[in-house]
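Report on the structure given below.
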Amino acid sequence: MTTTLITGGNKGLGRETARQLLALGHDVWIGARDAERGRRAADELGARLVQLDVTDDASVAAAAATVGELDVLVNNAGVSGGLAAPADVTADVMRTVFDTNVFGVVRVTRAFLPALQRSTDATVVNVSSGLGSMTLATDPASIASRYQLLAYSSAKAAVNMVTVQYAKAFPQLRVNSVDPGFTATDFNGHRGVQTVEEGARAIVRAALLGRDGPTGTFFDHDGTVPW
């Protein structure tokens, strides 16, 4: 059985990804910062819970010890950083967003690398965004060019580079970035144009890649997303 960990798995895209992978036979661990909310989600879905705060080294280390063996890691936990104009975004705001969205990916991936390297079919899925694509951000024809989310977009661009570097360093793993699309969740005040079921499709697709699947790529449910 494939063992999967999803960070930020107690709600939104993380929860829906857990639901879909459970239906496909995965043994799913929900990583949740809030243990009570995580427990409710895990019980409702039939998943397992591990308390996990991606911004805390001790929490991440304890989670790695609890989960043990792992085949699929979905780095989903993230924060938006708000909608402030770039002129109003402080270094502290940037630091908070990067601590979860970028450094959290590194903390968790590094902690679980030994387990992933023991797996014969290991996959890392980094949940990114089209807003982190420099190509789309500078293309007037793309909706991504209309947004000026300094902290969030910069963090997702960094996540994409983290993906590339891990993919090069660990060719025995599949490490990919995924853009789930503009999905209606608490994260964006439910302003998204697609459901969580639709948004989770690309994440699930990446989690199911076989050992001969691509690595070091960026895609959504329609295909390749430009860097």
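The chains in the structure tokens are called A, B, ... from first to last as shown; in each chain the residues are counted from 1, and the ligands are counted from 1 in the order shown.
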Determine, counting only C-alpha atoms, which protein, DNA and RNA residues have an atom within 12 Å of an atom of Met134 in chain A; residues of the same chain fewer than 2 positions away are not included. Present the result as a PyMOL selection string. chain A and resi 129-132+136-140+142+144-145+153-158+160-161+225-227
Selection near Asp56 in chain A, 9 Å with only C-alpha atoms, sequence-local residues under 5 positions removed, as an MDAnalysis selection string: chainID A and resid 61 104 107
Could you write out the selected residues, including all heavy atoms, as a short mmCIF file (atom, residue, chain, number, x, y, z; two decimals), in the first residue's frame?
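Result went into again18.cif, see below:
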data_model
loop_
_atom_site.label_atom_id
_atom_site.label_comp_id
_atom_site.auth_asym_id
_atom_site.auth_seq_id
_atom_site.Cartn_x
_atom_site.Cartn_y
_atom_site.Cartn_z
N ALA A 61 10.27 17.21 12.84
CA ALA A 61 11.06 16.03 13.20
C ALA A 61 10.20 14.98 13.90
O ALA A 61 10.33 13.78 13.63
CB ALA A 61 12.23 16.45 14.10
N GLY A 104 8.96 25.92 4.81
CA GLY A 104 8.20 24.76 5.26
C GLY A 104 8.36 23.58 4.32
O GLY A 104 8.48 22.43 4.75
N ARG A 107 11.83 22.25 5.08
CA ARG A 107 11.88 21.54 6.36
C ARG A 107 11.28 20.15 6.24
O ARG A 107 11.86 19.16 6.69
CB ARG A 107 11.08 22.30 7.43
CG ARG A 107 11.75 23.49 8.03
CD ARG A 107 10.95 24.01 9.22
NE ARG A 107 11.47 25.31 9.64
CZ ARG A 107 10.99 26.47 9.21
NH1 ARG A 107 9.99 26.51 8.36
NH2 ARG A 107 11.54 27.60 9.62
#
Ala58 in chain A surroundings by only C-alpha atoms, 12 Å radius, close-in-sequence under 5 positions cut, as a PyMOL selection string: chain A and resi 51-53+63-65+107-108+111
Store the residues picked out above, limited to all heavy atoms, as a compact mmCIF listing (two decimals), in the first residue's frame.
# COMPACT_ATOMS: atom_id res chain seq x y z
N GLN A 51 0.25 15.51 14.01
CA GLN A 51 0.34 16.94 14.26
C GLN A 51 1.60 17.45 13.60
O GLN A 51 2.69 16.89 13.79
CB GLN A 51 0.36 17.20 15.77
CG GLN A 51 0.11 18.65 16.17
CD GLN A 51 1.33 19.54 16.01
OE1 GLN A 51 2.45 19.09 16.14
NE2 GLN A 51 1.12 20.82 15.72
N LEU A 52 1.47 18.50 12.80
CA LEU A 52 2.61 18.96 12.00
C LEU A 52 2.49 20.45 11.71
O LEU A 52 1.58 20.89 11.00
CB LEU A 52 2.66 18.18 10.68
CG LEU A 52 3.69 18.60 9.64
CD1 LEU A 52 5.09 18.56 10.23
CD2 LEU A 52 3.61 17.68 8.42
N ASP A 53 3.40 21.21 12.27
CA ASP A 53 3.53 22.64 12.00
C ASP A 53 4.78 22.80 11.14
O ASP A 53 5.90 22.63 11.62
CB ASP A 53 3.66 23.42 13.30
CG ASP A 53 3.80 24.92 13.09
OD1 ASP A 53 3.99 25.37 11.94
OD2 ASP A 53 3.72 25.66 14.10
N ALA A 63 7.00 14.58 13.55
CA ALA A 63 6.10 14.00 12.55
C ALA A 63 6.80 12.94 11.72
O ALA A 63 6.24 11.88 11.42
CB ALA A 63 5.55 15.10 11.65
N ALA A 64 8.04 13.21 11.34
CA ALA A 64 8.80 12.23 10.56
C ALA A 64 8.99 10.94 11.35
O ALA A 64 8.90 9.83 10.80
CB ALA A 64 10.15 12.82 10.15
N ALA A 65 9.24 11.07 12.64
CA ALA A 65 9.41 9.89 13.48
C ALA A 65 8.10 9.11 13.63
O ALA A 65 8.10 7.88 13.68
CB ALA A 65 9.93 10.30 14.86
N ARG A 107 11.83 22.25 5.08
CA ARG A 107 11.88 21.54 6.36
C ARG A 107 11.28 20.15 6.24
O ARG A 107 11.86 19.16 6.69
CB ARG A 107 11.08 22.30 7.43
CG ARG A 107 11.75 23.49 8.03
CD ARG A 107 10.95 24.01 9.22
NE ARG A 107 11.47 25.31 9.64
CZ ARG A 107 10.99 26.47 9.21
NH1 ARG A 107 9.99 26.51 8.36
NH2 ARG A 107 11.54 27.60 9.62
N VAL A 108 10.08 20.09 5.67
CA VAL A 108 9.37 18.81 5.61
C VAL A 108 10.06 17.85 4.65
O VAL A 108 10.26 16.67 4.98
CB VAL A 108 7.90 19.04 5.21
CG1 VAL A 108 7.19 17.71 5.01
CG2 VAL A 108 7.18 19.87 6.29
N ALA A 111 13.24 16.47 6.17
CA ALA A 111 13.00 15.53 7.26
C ALA A 111 12.55 14.16 6.76
O ALA A 111 12.87 13.13 7.36
CB ALA A 111 11.94 16.10 8.21
Env of Arg110 in chain A: 12 Å cut, atoms = only C-alpha atoms, seq-sep filter 2 positions within chain, self excluded. Answer as a VMD selection string. chain A and resid 54 57 60 to 61 64 73 75 103 to 108 112 to 117 124 162 166 170
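Of the residues listed (A:Thr90, A:Thr224, A:Gln172, A:Thr7), A:Thr7 shows the shortest atom-to-atom separation from Ala77 in chain A; distances use only C-alpha atoms.
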Who sits within 7 Å of Gly78 in chain A, only C-alpha atoms, same chain under 2 positions skipped, as an MDAnalysis selection string: chainID A and resid 76 80 100:101
Output N, CA and C atoms for every residue in the selection just made, as a PDB file, in the first residue's frame.
ATOM      1  N   ASN A  76       1.518  20.766   0.786  1.00  0.00           N
ATOM      2  CA  ASN A  76       0.337  21.575   0.479  1.00  0.00           C
ATOM      3  C   ASN A  76       0.149  22.765   1.406  1.00  0.00           C
ATOM      4  N   SER A  80      -1.522  32.873   2.556  1.00  0.00           N
ATOM      5  CA  SER A  80      -1.652  33.792   1.425  1.00  0.00           C
ATOM      6  C   SER A  80      -0.823  35.066   1.569  1.00  0.00           C
ATOM      7  N   THR A 100       6.340  29.575   5.845  1.00  0.00           N
ATOM      8  CA  THR A 100       5.407  28.479   5.606  1.00  0.00           C
ATOM      9  C   THR A 100       5.535  27.921   4.202  1.00  0.00           C
ATOM     10  N   ASN A 101       5.454  28.792   3.205  1.00  0.00           N
ATOM     11  CA  ASN A 101       5.305  28.344   1.819  1.00  0.00           C
ATOM     12  C   ASN A 101       6.589  27.834   1.185  1.00  0.00           C
TER      13      ASN A 101
END
So, with only C-alpha atoms as the atoms that count, which of A:Asp220, A:Asp43, A:Asp71, A:Glu197 lies closest to His26 in chain A?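 Under the stated criterion, the closest residue is A:Asp71.
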How far is it from CA of Val28 in chain A to CA of Glu16 in chain A, in Å with one decimal?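 According to the coordinates, CA of Val28 in chain A and CA of Glu16 in chain A are separated by 11.7 Å.
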Using only C-alpha atoms, pick whichever of A:Gln194, A:Thr96, A:Ser133, A:Gln165 has the shortest atom-to-atom distance to Phe219 in chain A. A:Ser133
When you draw a straight line from CA of Asp27 in chain A to CA of Thr215 in chain A, how long is it in Å?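 The value is 22.9 Å.
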Please compute the CA of Leu49 in chain A-CA of Val74 in chain A distance, one decimal, in Å.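 Result for CA of Leu49 in chain A versus CA of Val74 in chain A: 14.5 Å, one decimal.
Proximity to Asp121 in chain A was assessed for A:Gln148, A:Thr163, A:Ser177, A:Thr4 counting only C-alpha atoms; the smallest distance is recorded for A:Thr4.
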Secondary structure check, alpha helix (DSSP H) residues of range 146-184 of chain A, as a VMD selection string: chain A and resid 150 to 169
As a list in words, please: the residues near Glu44 in chain A (cut-off 12 Å, only C-alpha atoms, same-chain neighbours under 2 positions excluded). Asn10, Lys11, Arg15, Glu16, Ala18, Arg19, Leu22, Ile30, Arg37, Gly38, Arg39, Arg40, Ala41, Ala42, Gly46, Ala47, Arg48 and Leu49 of chain A
Smallest atom-to-atom distance to Gly31 in chain A: which of A:Leu5, A:Val196, A:Ala62, A:Val125, using only C-alpha atoms? A:Leu5
